[in-house]
Amino acid sequence: MLAGWHATGLSEYDKRYYRRWMHEIPPMQHIQRATVIDVHHAILPDTARYHPDSAKLRSRAVAVEGLPGIYVLAMEDRILHSATHLFHDGELPHGLRDLTDLDLLLRDVALDLDFWPRLTARADELQLSRSLFYALRYLRHFLDTPVPDSVMAALDAAAPNRATLALMDRVFTRALAPTHASCADAFTAGRPLGRLRARPLAAHACTLAAAAPVPQGLHQPYLDNRTPKPA
């Protein structure tokens, strides 16, 4: 136990999975406040196809004024971090909310024309160009975020092939849309499972690098039904 924080109840299987594959330690809960925190040592797990260097993220961290010892990621890295978690974490039921967060971040810097080349160069440096490509593409689609055409052109090399992109468009335009009749189409109208099934497909298509996490994929539904996650 450290300053009142302790690991929440996990099975031995879960503990092994965290140690072997994950980019974070098991969730920790405060013994008095009951709040839960996640402590990450990377922004993607070992099972991902991309492996951003955490040291590079720390090297550009920005000190928070008035809070000695507290740092946040640089603006480019904040955007890349948000985009990466949106398209890799599988929490697409909240995807539109996360897109809105990205939209607000980008509109805050959109008029700084020097920012966009820094963002695309940083994405390339951290192996996150594909995540940024998807984020900017669907920000334009859903929220009309003012992303310059030149930025999308700079990310062309990171885009998937035409067939894959067509498939991802069909998946993400449904997975990221709110569950509302006004956003339904022939695939999802009256069939909410259609959208629910699209969400894990979308996340796994972006994330998985190999067959290593397949056992967890088979085991996780059992765990989800057995033990609810903390709020």
# chains A, B, ... in the order shown; residues from 1 in each chain; ligands from 1
>>> select_by_dssp(residues="segment 53-130 of chain A", states="strand (DSSP E)", output="MDAnalysis selection string")
chainID A and resid 62:63 71:72
>>> write_last_selection(atoms="C-alpha atoms", output="PDB file, in the first residue's frame")
ATOM      1  CA  VAL A  62       5.382  21.090 -19.923  1.00  0.00           C
ATOM      2  CA  ALA A  63       5.459  22.352 -16.336  1.00  0.00           C
ATOM      3  CA  TYR A  71       3.755  18.393 -15.722  1.00  0.00           C
ATOM      4  CA  VAL A  72       1.436  17.793 -18.663  1.00  0.00           C
TER       5      VAL A  72
END
>>> residues_around(residues="segment 37-43 of chain A", least_positions_apart="3", cutoff="6 Å", atoms="only C-alpha atoms", output="list in words")
His23, Glu24, Ile25, Pro27, Met28 and Ser54 of chain A
>>> residues_around(residues="Trp5 of chain A", least_positions_apart="5", cutoff="8 Å", atoms="only C-alpha atoms", output="PyMOL selection string")
chain A and resi 28-31
>>> write_last_selection(atoms="C-alpha atoms", output="PDB file, in the first residue's frame")
ATOM      1  CA  MET A  28      -5.466   1.378  -7.683  1.00  0.00           C
ATOM      2  CA  GLN A  29      -8.158   2.429  -5.215  1.00  0.00           C
ATOM      3  CA  HIS A  30      -7.785   4.787  -2.265  1.00  0.00           C
ATOM      4  CA  ILE A  31      -8.648   3.032   0.969  1.00  0.00           C
TER       5      ILE A  31
END
>>> residues_around(residues="segment 76-88 of chain A", least_positions_apart="6", cutoff="10 Å", atoms="only C-alpha atoms", output="PyMOL selection string")
chain A and resi 43-45+48+56-58+60-61+94-99+101-103+105-106+109+115-116+118-123+126+128-136+172+176+199-200+202-208
>>> write_last_selection(atoms="N, CA and C atoms", output="short mmCIF file (atom, residue, chain, number, x, y, z; two decimals), in the first residue's frame")
data_model
loop_
_atom_site.label_atom_id
_atom_site.label_comp_id
_atom_site.auth_asym_id
_atom_site.auth_seq_id
_atom_site.Cartn_x
_atom_site.Cartn_y
_atom_site.Cartn_z
N ILE A 43 1.59 4.68 -23.57
CA ILE A 43 0.25 5.03 -24.02
C ILE A 43 -0.40 3.92 -24.85
N LEU A 44 0.38 2.87 -25.18
CA LEU A 44 -0.19 1.71 -25.85
C LEU A 44 0.40 0.45 -25.25
N PRO A 45 -0.37 -0.63 -25.21
CA PRO A 45 0.15 -1.88 -24.65
C PRO A 45 1.11 -2.58 -25.60
N ALA A 48 -0.11 -3.84 -29.05
CA ALA A 48 -0.42 -2.95 -30.16
C ALA A 48 0.62 -3.09 -31.26
N LYS A 56 10.26 9.85 -25.10
CA LYS A 56 10.08 11.02 -25.98
C LYS A 56 8.89 11.87 -25.52
N LEU A 57 7.86 11.21 -25.03
CA LEU A 57 6.72 11.96 -24.51
C LEU A 57 7.12 12.75 -23.27
N ARG A 58 7.87 12.12 -22.38
CA ARG A 58 8.29 12.81 -21.15
C ARG A 58 9.26 13.94 -21.45
N ARG A 60 9.26 16.18 -23.62
CA ARG A 60 8.65 17.45 -24.00
C ARG A 60 7.53 17.86 -23.04
N ALA A 61 7.46 17.22 -21.91
CA ALA A 61 6.41 17.57 -20.95
C ALA A 61 6.56 19.03 -20.52
N HIS A 94 -18.20 6.00 -26.00
CA HIS A 94 -17.95 7.40 -25.64
C HIS A 94 -17.17 8.11 -26.74
N GLY A 95 -17.17 7.55 -27.93
CA GLY A 95 -16.32 8.05 -28.99
C GLY A 95 -16.65 9.46 -29.42
N LEU A 96 -17.93 9.80 -29.51
CA LEU A 96 -18.30 11.15 -29.94
C LEU A 96 -17.85 12.18 -28.91
N ARG A 97 -17.95 11.84 -27.63
CA ARG A 97 -17.45 12.73 -26.58
C ARG A 97 -15.96 12.96 -26.75
N ASP A 98 -15.22 11.89 -27.03
CA ASP A 98 -13.77 12.02 -27.19
C ASP A 98 -13.43 12.82 -28.45
N LEU A 99 -14.21 12.64 -29.51
CA LEU A 99 -14.01 13.45 -30.70
C LEU A 99 -14.23 14.93 -30.39
N ASP A 101 -13.73 16.41 -27.54
CA ASP A 101 -12.55 16.88 -26.81
C ASP A 101 -11.43 17.24 -27.80
N LEU A 102 -11.22 16.37 -28.78
CA LEU A 102 -10.18 16.64 -29.77
C LEU A 102 -10.52 17.88 -30.60
N ASP A 103 -11.78 18.02 -30.94
CA ASP A 103 -12.22 19.18 -31.71
C ASP A 103 -11.89 20.48 -30.96
N LEU A 105 -9.59 20.92 -28.62
CA LEU A 105 -8.15 21.11 -28.57
C LEU A 105 -7.63 21.68 -29.88
N LEU A 106 -8.11 21.13 -30.99
CA LEU A 106 -7.61 21.56 -32.29
C LEU A 106 -8.08 22.96 -32.67
N VAL A 109 -5.87 25.71 -31.43
CA VAL A 109 -4.56 25.95 -32.07
C VAL A 109 -4.65 26.04 -33.58
N PHE A 115 1.62 25.08 -36.25
CA PHE A 115 1.31 23.94 -35.37
C PHE A 115 1.11 22.66 -36.17
N TRP A 116 0.43 22.75 -37.31
CA TRP A 116 0.06 21.54 -38.04
C TRP A 116 1.28 20.73 -38.52
N ARG A 118 4.14 20.64 -37.11
CA ARG A 118 4.71 20.05 -35.88
C ARG A 118 3.91 18.82 -35.46
N LEU A 119 2.60 18.90 -35.59
CA LEU A 119 1.75 17.79 -35.19
C LEU A 119 1.99 16.56 -36.06
N THR A 120 2.03 16.74 -37.38
CA THR A 120 2.23 15.58 -38.26
C THR A 120 3.64 15.01 -38.11
N ALA A 121 4.64 15.89 -37.91
CA ALA A 121 6.00 15.40 -37.71
C ALA A 121 6.11 14.62 -36.41
N ARG A 122 5.46 15.11 -35.37
CA ARG A 122 5.50 14.42 -34.08
C ARG A 122 4.78 13.07 -34.18
N ALA A 123 3.67 13.03 -34.89
CA ALA A 123 2.96 11.76 -35.07
C ALA A 123 3.85 10.74 -35.76
N LEU A 126 6.49 9.38 -33.36
CA LEU A 126 5.97 8.49 -32.32
C LEU A 126 5.21 7.28 -32.87
N LEU A 128 2.50 7.29 -34.63
CA LEU A 128 1.08 7.50 -34.38
C LEU A 128 0.38 8.20 -35.54
N SER A 129 0.98 8.16 -36.71
CA SER A 129 0.39 8.84 -37.86
C SER A 129 -0.93 8.22 -38.27
N ARG A 130 -1.06 6.90 -38.17
CA ARG A 130 -2.33 6.26 -38.55
C ARG A 130 -3.45 6.69 -37.60
N SER A 131 -3.17 6.74 -36.31
CA SER A 131 -4.18 7.20 -35.35
C SER A 131 -4.58 8.64 -35.62
N LEU A 132 -3.59 9.50 -35.92
CA LEU A 132 -3.90 10.90 -36.23
C LEU A 132 -4.71 11.00 -37.51
N PHE A 133 -4.38 10.20 -38.49
CA PHE A 133 -5.15 10.21 -39.75
C PHE A 133 -6.62 9.90 -39.49
N TYR A 134 -6.89 8.84 -38.75
CA TYR A 134 -8.28 8.49 -38.45
C TYR A 134 -8.97 9.59 -37.66
N ALA A 135 -8.27 10.13 -36.66
CA ALA A 135 -8.88 11.16 -35.82
C ALA A 135 -9.28 12.37 -36.65
N LEU A 136 -8.37 12.87 -37.48
CA LEU A 136 -8.67 14.06 -38.28
C LEU A 136 -9.74 13.77 -39.33
N PHE A 172 -16.50 3.01 -38.63
CA PHE A 172 -16.35 4.13 -37.71
C PHE A 172 -17.49 5.14 -37.80
N LEU A 176 -18.90 5.56 -34.07
CA LEU A 176 -18.72 6.84 -33.40
C LEU A 176 -20.00 7.66 -33.32
N ARG A 199 -18.37 -1.43 -32.80
CA ARG A 199 -17.41 -0.75 -31.94
C ARG A 199 -16.19 -1.60 -31.59
N PRO A 200 -16.36 -2.84 -31.09
CA PRO A 200 -15.15 -3.62 -30.82
C PRO A 200 -14.39 -3.98 -32.09
N ALA A 202 -14.02 -2.09 -34.70
CA ALA A 202 -13.24 -0.92 -35.05
C ALA A 202 -11.99 -0.82 -34.20
N ALA A 203 -12.15 -0.96 -32.89
CA ALA A 203 -11.00 -0.82 -31.99
C ALA A 203 -9.96 -1.89 -32.24
N HIS A 204 -10.39 -3.13 -32.40
CA HIS A 204 -9.44 -4.22 -32.60
C HIS A 204 -8.74 -4.10 -33.95
N ALA A 205 -9.42 -3.57 -34.95
CA ALA A 205 -8.79 -3.39 -36.24
C ALA A 205 -7.62 -2.42 -36.16
N CYS A 206 -7.71 -1.44 -35.26
CA CYS A 206 -6.63 -0.46 -35.09
C CYS A 206 -5.53 -0.98 -34.20
N THR A 207 -5.86 -1.86 -33.26
CA THR A 207 -4.97 -2.12 -32.14
C THR A 207 -4.09 -3.34 -32.31
N LEU A 208 -4.66 -4.47 -32.65
CA LEU A 208 -3.94 -5.72 -32.49
C LEU A 208 -2.79 -5.87 -33.46
#
>>> residues_around(residues="Pro117 of chain A", least_positions_apart="6", cutoff="10 Å", atoms="only C-alpha atoms", output="count of residues only")
4
>>> atom_distance(atom1="atom CA of Pro52 of chain A", atom2="atom CA of Asp124 of chain A")
9.8 Å
>>> atom_distance(atom1="atom CA of Asp156 of chain A", atom2="atom CA of Thr100 of chain A")
23.5 Å
>>> atom_distance(atom1="atom CA of Ala157 of chain A", atom2="atom CA of Thr47 of chain A")
23.2 Å
>>> select_by_dssp(residues="segment 67-170 of chain A", states="alpha helix (DSSP H)", output="ChimeraX atom specification")
/A:75-88,95-109,115-125,129-143,149-154,162-170
